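Chemist: Mind looking over this structure? Questions follow.
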2 protein chains.
Amino acid sequence: MAAERLVVIGGDAAGMSAASQARRLKGADALEIVAFERGHFTSYSACGIPYWVSGDVEARDDLIARTPEEHRQRDIDLRMRTEVTELDVPGRRVKALDRESGKMYWTGFDKLVIATGARPVRPALPGMDAPGVHGVQTLDDGQALLDSLDAVGSDGERRAVVVGAGYIGVEMAEAMLKRGFEVTVLNRGEQPMATLDPDMGRLVHDAMDGLGITTVNGAAVTGILTGPDGRVSEVATDAGTYPADVVVLGIGVEPETALARGAGLPVGPHGGLLTDLSMRVVGHENIWAGGDCVEVLDLVAGRTRHIALGTHANKHGQVIGSNVGGGYGTFPGVVGTAVSKVCDLEIARTGLREKDARAVGLRYVTATIESTGRAGYYPGAKPMTVKMIAEYRTGRLLGVQIVGRDGAAKRVDVAAVALTAGMTVEQMTALDLGYAPPFSPVWDPVLVAARKTVAAVRGAGS
Amino acid sequence: MAAERLVVIGGDAAGMSAASQARRLKGADALEIVAFERGHFTSYSACGIPYWVSGDVEARDDLIARTPEEHRQRDIDLRMRTEVTELDVPGRRVKALDRESGKMYWTGFDKLVIATGARPVRPALPGMDAPGVHGVQTLDDGQALLDSLDAVGSDGERRAVVVGAGYIGVEMAEAMLKRGFEVTVLNRGEQPMATLDPDMGRLVHDAMDGLGITTVNGAAVTGILTGPDGRVSEVATDAGTYPADVVVLGIGVEPETALARGAGLPVGPHGGLLTDLSMRVVGHENIWAGGDCVEVLDLVAGRTRHIALGTHANKHGQVIGSNVGGGYGTFPGVVGTAVSKVCDLEIARTGLREKDARAVGLRYVTATIESTGRAGYYPGAKPMTVKMIAEYRTGRLLGVQIVGRDGAAKRVDVAAVALTAGMTVEQMTALDLGYAPPFSPVWDPVLVAARKTVAAVRGAGS
């Protein structure tokens, strides 16, 4: 009997993790693995691109965890620069286009993994394709941006406009600042970091001000204007125009599911593929999907969300590879943890924002505290603000947001575990967290927030 | 009707937190509060003493969270330099000795809080009281040590011997190193940091070597030798003598319960007072106890332990004050979290060590991994080692130990919450922990350890 064939569409985190894990469990005699990647790279850290652009990370190849050659050495038939253009589910085959040769061909599969990722939102506005306007989704994007920075030259004013003030936007603002640009961030929302509540986003805004980054809130881009050389010269918004020698788009991403939708696979309200707990596409015995192209269950909200994040993609790949390879694994869902930074300002969130809680019918209380990451008397102690959201009456933890310095961000992990465990804020006040003066005040900031939230729950009556 | 009287014995973290919280809930017309402190200071951070001795913290007063005057302003009748020498439980009164005036008197109570703390273990060996031999338990101890360092002078060799290689020992080794001393740590055990398993303690040993601190394992001190000036000159052990211009004792502490035991109050196997969940002394309606003088329930082992740690003392005080003041609070127990550092080496533990698991009849598996605190390509990424212990068959998390740099220590908090929630290592592999290249590899070290421990659980069969 011939070996089963696994086809993987997409050669980044989810796809190649799945392929690698399946190979770990099944040798080449039992499982043939064919993987298609339309780009030039495999298994790279897209999250690292801002730090490569900033110069913190020296070389593009530092971001590549595993090269095509390394995958091939593990008996994975990896076909680079080859795009899958059609998926025939009943016929169990995919049509592939070799972009180098132009050759097109069908390949059959017994099992299929869809890991097509996400594509950047790129509004259909005039001038969006002008030279000097860059997304930062792929390594190719990053290289194009770096080449573009060289084209700007180092004389005179160097002005960068970053469109979008989410994670990618603020990270790219830092990167452009480090590259010596005068940076303006155009933000459509009320405050930067819309993944936080506006009161916490405001702290990010203030800190960015302090770093010399201009943030314009409530500014919707209406078009990109170009100069006589055809290159970007200004960004037009409904609230004025901003001169720009380079424009970075950090507006966010959406699931890349055209292929899967074309084949009739189920997508959710956010455009991502729907899977079960084993990451199998709903209703399809032999098709799995993971990474930025799927929706994940938000364990706090009880709904699916779309979250493009390398750590989830890797977990998905691991789970898929285990199941495809005859093992067992599940991905129960997320609580929505995310961390980021702008220079030394750390930003973290997990669980629900106020508006998320309202959207799913939860009544809640909030509390916000200021503390420090070390004992106040210990050198280098710096402020952090912690906001906590708990359910009315029950006191169940719903979410935490942290903005601060010096160990602020990863403190959110405590809340992420507490959310996963369904803890109340009262239970959290008794948590046995690590204490020593260089690492925490005697009451860790998370505990201080929990205590104040307990008081808020009680104060809200029942 | 006269106001009820609360008497508090001990003016540090547990006692004064209790007094303050009780005062918050009940005004002076409803509750009279009398607090006795035999020393010169209240509400100070004993955990901060090593950093004051090292010079990281400038002034002694930086370690004082609240002065006697501040307490008195909140209607607490605080009697400094006054020691309670006798407790008459049936008569509901304490006998106090004013150390300044020599006056002795009885004071009645309706409610009593015992917060007498811990005393350093000081072996009865020849020369232990010689000038130049110092404990570091109180601010007075710290001042005496600093004065002693001045006496050593700054010329020629300056040699410090630290006796004990637990938290205080390693922190004091760092402090003496920073003060320009040649430092030798004499450790009775197999490896430093006996609160870790020896395989992890060995990493601390190696790192201390790298810092220029000499650690002698398996060395039991037999006496202190003095020079012609009467001051310490050498420390004798069963494995040779070590020249010393100053000796720091960091051997640990034991509960200070002589007063309570004299009054017939119940103590546990570790010499600490036994309380219920509300921190009430077992069998005594109107007596509470907290801080370093009590035993606490180890939630993982299901047994009581003695842990002297400011963060527990503060929680105890908060709970006691709530209950005494007519509110409600409980202290469910600990999971045994502790963090520390020697220079830039971070050390953390939570839950059970291998020998703790064996001691309570648990069969277990372990896994140890090496990772980094940031994405490997991100500047400043440094190694950390994570050891995880899980129950055989069930895979329930039993303990985690971490030794490393750059954000290693506080990662143990994730495990502390997971232990509290009773999670299995398999559940932990799905935890949604914060990921971004400056803060974590795409698989957080804790998740990498959990994955390897899952494999160990499976590998151990059933």
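Ordered as shown in the structure tokens, chains take letters A, B, and onward, while each chain numbers its residues from 1 and ligands are numbered from 1 in the order shown.
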Range 313-324 of chain A: which residues within 8 Å, counting only C-alpha atoms, same-chain residues fewer than 2 positions away excluded, as a ChimeraX atom specification?
Modeler: /A:13-23,25,111,113,278-280,288-292,308-311,326-331 /B:430,442-443
Chemist: Would you give me, as a tab-separated table, each residue of chain A having an atom within 7 Å of an atom of chain B, along with its shortest atom pair and that distance in Å to one decimal, using only C-alpha atoms and sorting by chain and residue number?
Modeler:
residue	atom	partner	partner_atom	distance
A:Cys47	CA	B:Ala436	CA	6.8
A:Gly48	CA	B:Pro437	CA	6.1
A:Asp56	CA	B:Pro379	CA	6.5
A:Val57	CA	B:Tyr378	CA	6.1
A:Asp62	CA	B:Tyr377	CA	5.8
A:Leu63	CA	B:Tyr377	CA	6.7
A:Gly310	CA	B:Val442	CA	6.5
A:Thr311	CA	B:Val442	CA	5.0
A:Phe331	CA	B:Ala430	CA	6.5
A:Val334	CA	B:Asp432	CA	5.7
A:Val335	CA	B:Asp432	CA	6.3
A:Thr337	CA	B:Gly434	CA	5.4
A:Ala338	CA	B:Gly434	CA	5.1
A:Val339	CA	B:Gly434	CA	5.4
A:Ser340	CA	B:Ala436	CA	6.1
A:Tyr377	CA	B:Asp62	CA	5.8
A:Tyr378	CA	B:Val57	CA	6.1
A:Pro379	CA	B:Asp56	CA	6.5
A:Lys410	CA	B:Gly434	CA	6.3
A:Asp413	CA	B:Leu433	CA	5.3
A:Val414	CA	B:Val414	CA	5.5
A:Ala416	CA	B:Asp432	CA	6.4
A:Val417	CA	B:Val417	CA	6.4
A:Ala418	CA	B:Val417	CA	6.6
A:Ala421	CA	B:Ala421	CA	6.1
A:Ala430	CA	B:Phe331	CA	6.6
A:Leu431	CA	B:Val417	CA	6.7
A:Asp432	CA	B:Val334	CA	5.7
A:Leu433	CA	B:Asp413	CA	5.3
A:Gly434	CA	B:Ala338	CA	5.1
A:Tyr435	CA	B:Val339	CA	6.0
A:Ala436	CA	B:Val339	CA	6.1
A:Pro437	CA	B:Gly48	CA	6.2
A:Val442	CA	B:Thr311	CA	5.0
A:Trp443	CA	B:Thr311	CA	6.4
Chemist: How would the residues just chosen look if you wrote them out with N, CA, C and O atoms as a compact mmCIF listing (two decimals), in the first residue's frame?
Modeler:
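The result, written out as part_17.txt:
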# COMPACT_ATOMS: atom_id res chain seq x y z
N CYS A 47 6.32 38.59 13.51
CA CYS A 47 6.28 39.48 14.68
C CYS A 47 7.62 40.18 14.89
O CYS A 47 7.70 41.18 15.59
N GLY A 48 8.69 39.61 14.30
CA GLY A 48 10.01 40.19 14.50
C GLY A 48 10.34 41.28 13.49
O GLY A 48 11.35 41.99 13.65
N ASP A 56 17.27 46.68 15.58
CA ASP A 56 17.55 45.89 16.78
C ASP A 56 18.00 44.48 16.40
O ASP A 56 18.86 43.89 17.05
N VAL A 57 17.35 43.93 15.39
CA VAL A 57 17.73 42.63 14.86
C VAL A 57 18.50 42.89 13.58
O VAL A 57 18.05 43.63 12.71
N ASP A 62 17.97 36.23 10.59
CA ASP A 62 17.80 35.97 12.03
C ASP A 62 16.35 35.62 12.36
O ASP A 62 16.07 34.98 13.37
N LEU A 63 15.42 36.10 11.52
CA LEU A 63 14.00 35.88 11.80
C LEU A 63 13.51 34.53 11.29
O LEU A 63 12.36 34.16 11.53
N GLY A 310 1.67 34.70 16.18
CA GLY A 310 2.55 33.57 15.92
C GLY A 310 2.44 32.47 16.96
O GLY A 310 2.57 31.28 16.66
N THR A 311 2.21 32.87 18.21
CA THR A 311 2.18 31.86 19.27
C THR A 311 0.98 30.93 19.11
O THR A 311 1.07 29.73 19.35
N PHE A 331 -6.81 22.30 20.76
CA PHE A 331 -6.59 23.71 21.05
C PHE A 331 -7.89 24.25 21.62
O PHE A 331 -8.83 24.52 20.89
N VAL A 334 -8.58 30.66 23.31
CA VAL A 334 -7.68 31.71 23.80
C VAL A 334 -8.41 32.55 24.85
O VAL A 334 -9.64 32.49 24.96
N VAL A 335 -7.63 33.30 25.61
CA VAL A 335 -8.25 34.32 26.46
C VAL A 335 -7.91 35.73 25.95
O VAL A 335 -8.34 36.71 26.55
N THR A 337 -4.71 37.11 25.16
CA THR A 337 -3.53 37.76 25.72
C THR A 337 -2.67 38.36 24.60
O THR A 337 -2.46 37.71 23.58
N ALA A 338 -2.19 39.57 24.81
CA ALA A 338 -1.27 40.18 23.85
C ALA A 338 -0.37 41.15 24.60
O ALA A 338 -0.81 41.84 25.52
N VAL A 339 0.89 41.16 24.22
CA VAL A 339 1.86 42.09 24.82
C VAL A 339 2.60 42.80 23.70
O VAL A 339 2.75 42.27 22.61
N SER A 340 3.03 44.01 24.00
CA SER A 340 3.77 44.78 23.01
C SER A 340 4.56 45.85 23.73
O SER A 340 4.48 45.98 24.95
N TYR A 377 11.30 51.20 46.97
CA TYR A 377 12.61 51.70 47.38
C TYR A 377 13.74 51.10 46.56
O TYR A 377 14.89 51.50 46.68
N TYR A 378 13.43 50.08 45.74
CA TYR A 378 14.49 49.39 45.00
C TYR A 378 14.84 50.19 43.75
O TYR A 378 13.96 50.66 43.05
N PRO A 379 16.14 50.34 43.45
CA PRO A 379 16.52 51.18 42.31
C PRO A 379 15.87 50.72 41.00
O PRO A 379 15.79 49.52 40.75
N LYS A 410 4.62 41.21 31.06
CA LYS A 410 4.44 39.78 31.29
C LYS A 410 3.66 39.49 32.57
O LYS A 410 3.27 38.34 32.80
N ASP A 413 0.36 37.59 32.28
CA ASP A 413 0.25 36.13 32.23
C ASP A 413 -0.47 35.57 33.46
O ASP A 413 -1.16 34.55 33.36
N VAL A 414 -0.27 36.21 34.60
CA VAL A 414 -0.96 35.77 35.81
C VAL A 414 -2.47 35.83 35.58
O VAL A 414 -3.22 34.90 35.92
N ALA A 416 -3.93 35.82 32.66
CA ALA A 416 -4.29 34.88 31.59
C ALA A 416 -4.56 33.49 32.17
O ALA A 416 -5.53 32.83 31.79
N VAL A 417 -3.73 33.07 33.13
CA VAL A 417 -3.96 31.76 33.75
C VAL A 417 -5.21 31.80 34.63
O VAL A 417 -6.02 30.87 34.62
N ALA A 418 -5.39 32.90 35.35
CA ALA A 418 -6.57 33.03 36.21
C ALA A 418 -7.86 33.02 35.37
O ALA A 418 -8.86 32.42 35.77
N ALA A 421 -8.59 29.53 34.30
CA ALA A 421 -9.09 28.73 35.42
C ALA A 421 -10.44 29.22 35.93
O ALA A 421 -11.01 28.62 36.83
N ALA A 430 -5.55 36.07 46.94
CA ALA A 430 -4.77 35.14 47.76
C ALA A 430 -3.67 34.45 46.96
O ALA A 430 -2.98 33.59 47.49
N LEU A 431 -3.48 34.82 45.70
CA LEU A 431 -2.47 34.13 44.88
C LEU A 431 -1.08 34.31 45.47
O LEU A 431 -0.71 35.40 45.92
N ASP A 432 -0.32 33.24 45.44
CA ASP A 432 1.02 33.20 46.02
C ASP A 432 2.03 33.55 44.91
O ASP A 432 2.68 32.69 44.35
N LEU A 433 2.13 34.84 44.62
CA LEU A 433 3.02 35.30 43.54
C LEU A 433 4.40 35.60 44.11
O LEU A 433 4.54 35.97 45.27
N GLY A 434 5.39 35.47 43.26
CA GLY A 434 6.77 35.66 43.69
C GLY A 434 7.02 37.07 44.21
O GLY A 434 6.66 38.04 43.57
N TYR A 435 7.63 37.12 45.40
CA TYR A 435 7.97 38.42 45.98
C TYR A 435 9.42 38.47 46.43
O TYR A 435 9.87 37.62 47.17
N ALA A 436 10.11 39.47 45.95
CA ALA A 436 11.40 39.90 46.50
C ALA A 436 11.57 41.32 45.97
O ALA A 436 11.08 41.64 44.88
N PRO A 437 12.23 42.19 46.74
CA PRO A 437 12.26 43.61 46.36
C PRO A 437 12.68 43.92 44.92
O PRO A 437 12.12 44.83 44.32
N VAL A 442 5.68 44.33 47.88
CA VAL A 442 5.23 43.23 48.75
C VAL A 442 3.83 42.78 48.34
O VAL A 442 3.48 41.61 48.45
N TRP A 443 3.01 43.70 47.85
CA TRP A 443 1.77 43.34 47.15
C TRP A 443 2.06 43.53 45.66
O TRP A 443 2.24 44.66 45.20
Chemist: Take CA of Gly250 in chain B and CA of Val161 in chain B and report the distance between them in Å, one decimal.
Modeler: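 Here the two named atoms are 10.4 Å from each other.
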Chemist: Just list the residues in range 164-270 of chain A DSSP gives helix (DSSP H, G or I) on the backbone, as a ChimeraX atom specification.
Modeler: /A:167-178,198-211,258-262
Chemist: Considering only C-alpha atoms, can you say which of A:Glu182, A:Ala381, A:Asp344, A:Ala408 comes closest to Gly156 in chain A?
Modeler: A:Glu182
Chemist: Excluding Ala28 in chain A and residues on its chain fewer than 4 positions from it, collect all residues at most 10 Å away from it, counting only C-alpha atoms, and give them as a list of chain:residue names.
Modeler: A:Ala3, A:Glu4, A:Arg5, A:Arg23, A:Arg24, A:Glu32, A:Ile33, A:Arg74, A:Asp75, A:Ile76
Chemist: Taking 3 positions as the minimum chain separation for residues in the same chain, which residues sit within 7 Å of His306 in chain A when counting only C-alpha atoms? Answer as a PyMOL selection string.
Modeler: chain A and resi 270+272+294-296
Chemist: Skipping near chain neighbours, those fewer than 3 positions away, what residues fall within 8 Å of Asp197 in chain B using only C-alpha atoms, listed as JSON, numbers by chain?
Modeler: {"B": [194, 200, 201, 353, 354, 355]}
Chemist: Between CA of Gly351 in chain B and CA of Leu398 in chain B, what is the distance in Å, rounded to a tenth?
Modeler: 5.7 Å
Chemist: Between CA of Arg72 in chain A and CA of Ala35 in chain A, what is the distance in Å, rounded to a tenth?
Modeler: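 Taking CA of Arg72 in chain A as the start and CA of Ala35 in chain A as the end point, the length is 10.0 Å.
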Chemist: Return as a PyMOL selection string the full set of residues in range 368-448 of chain B whose backbone-based DSSP assignment is strand (DSSP E).
Modeler: chain B and resi 368-372+383-391+397-404
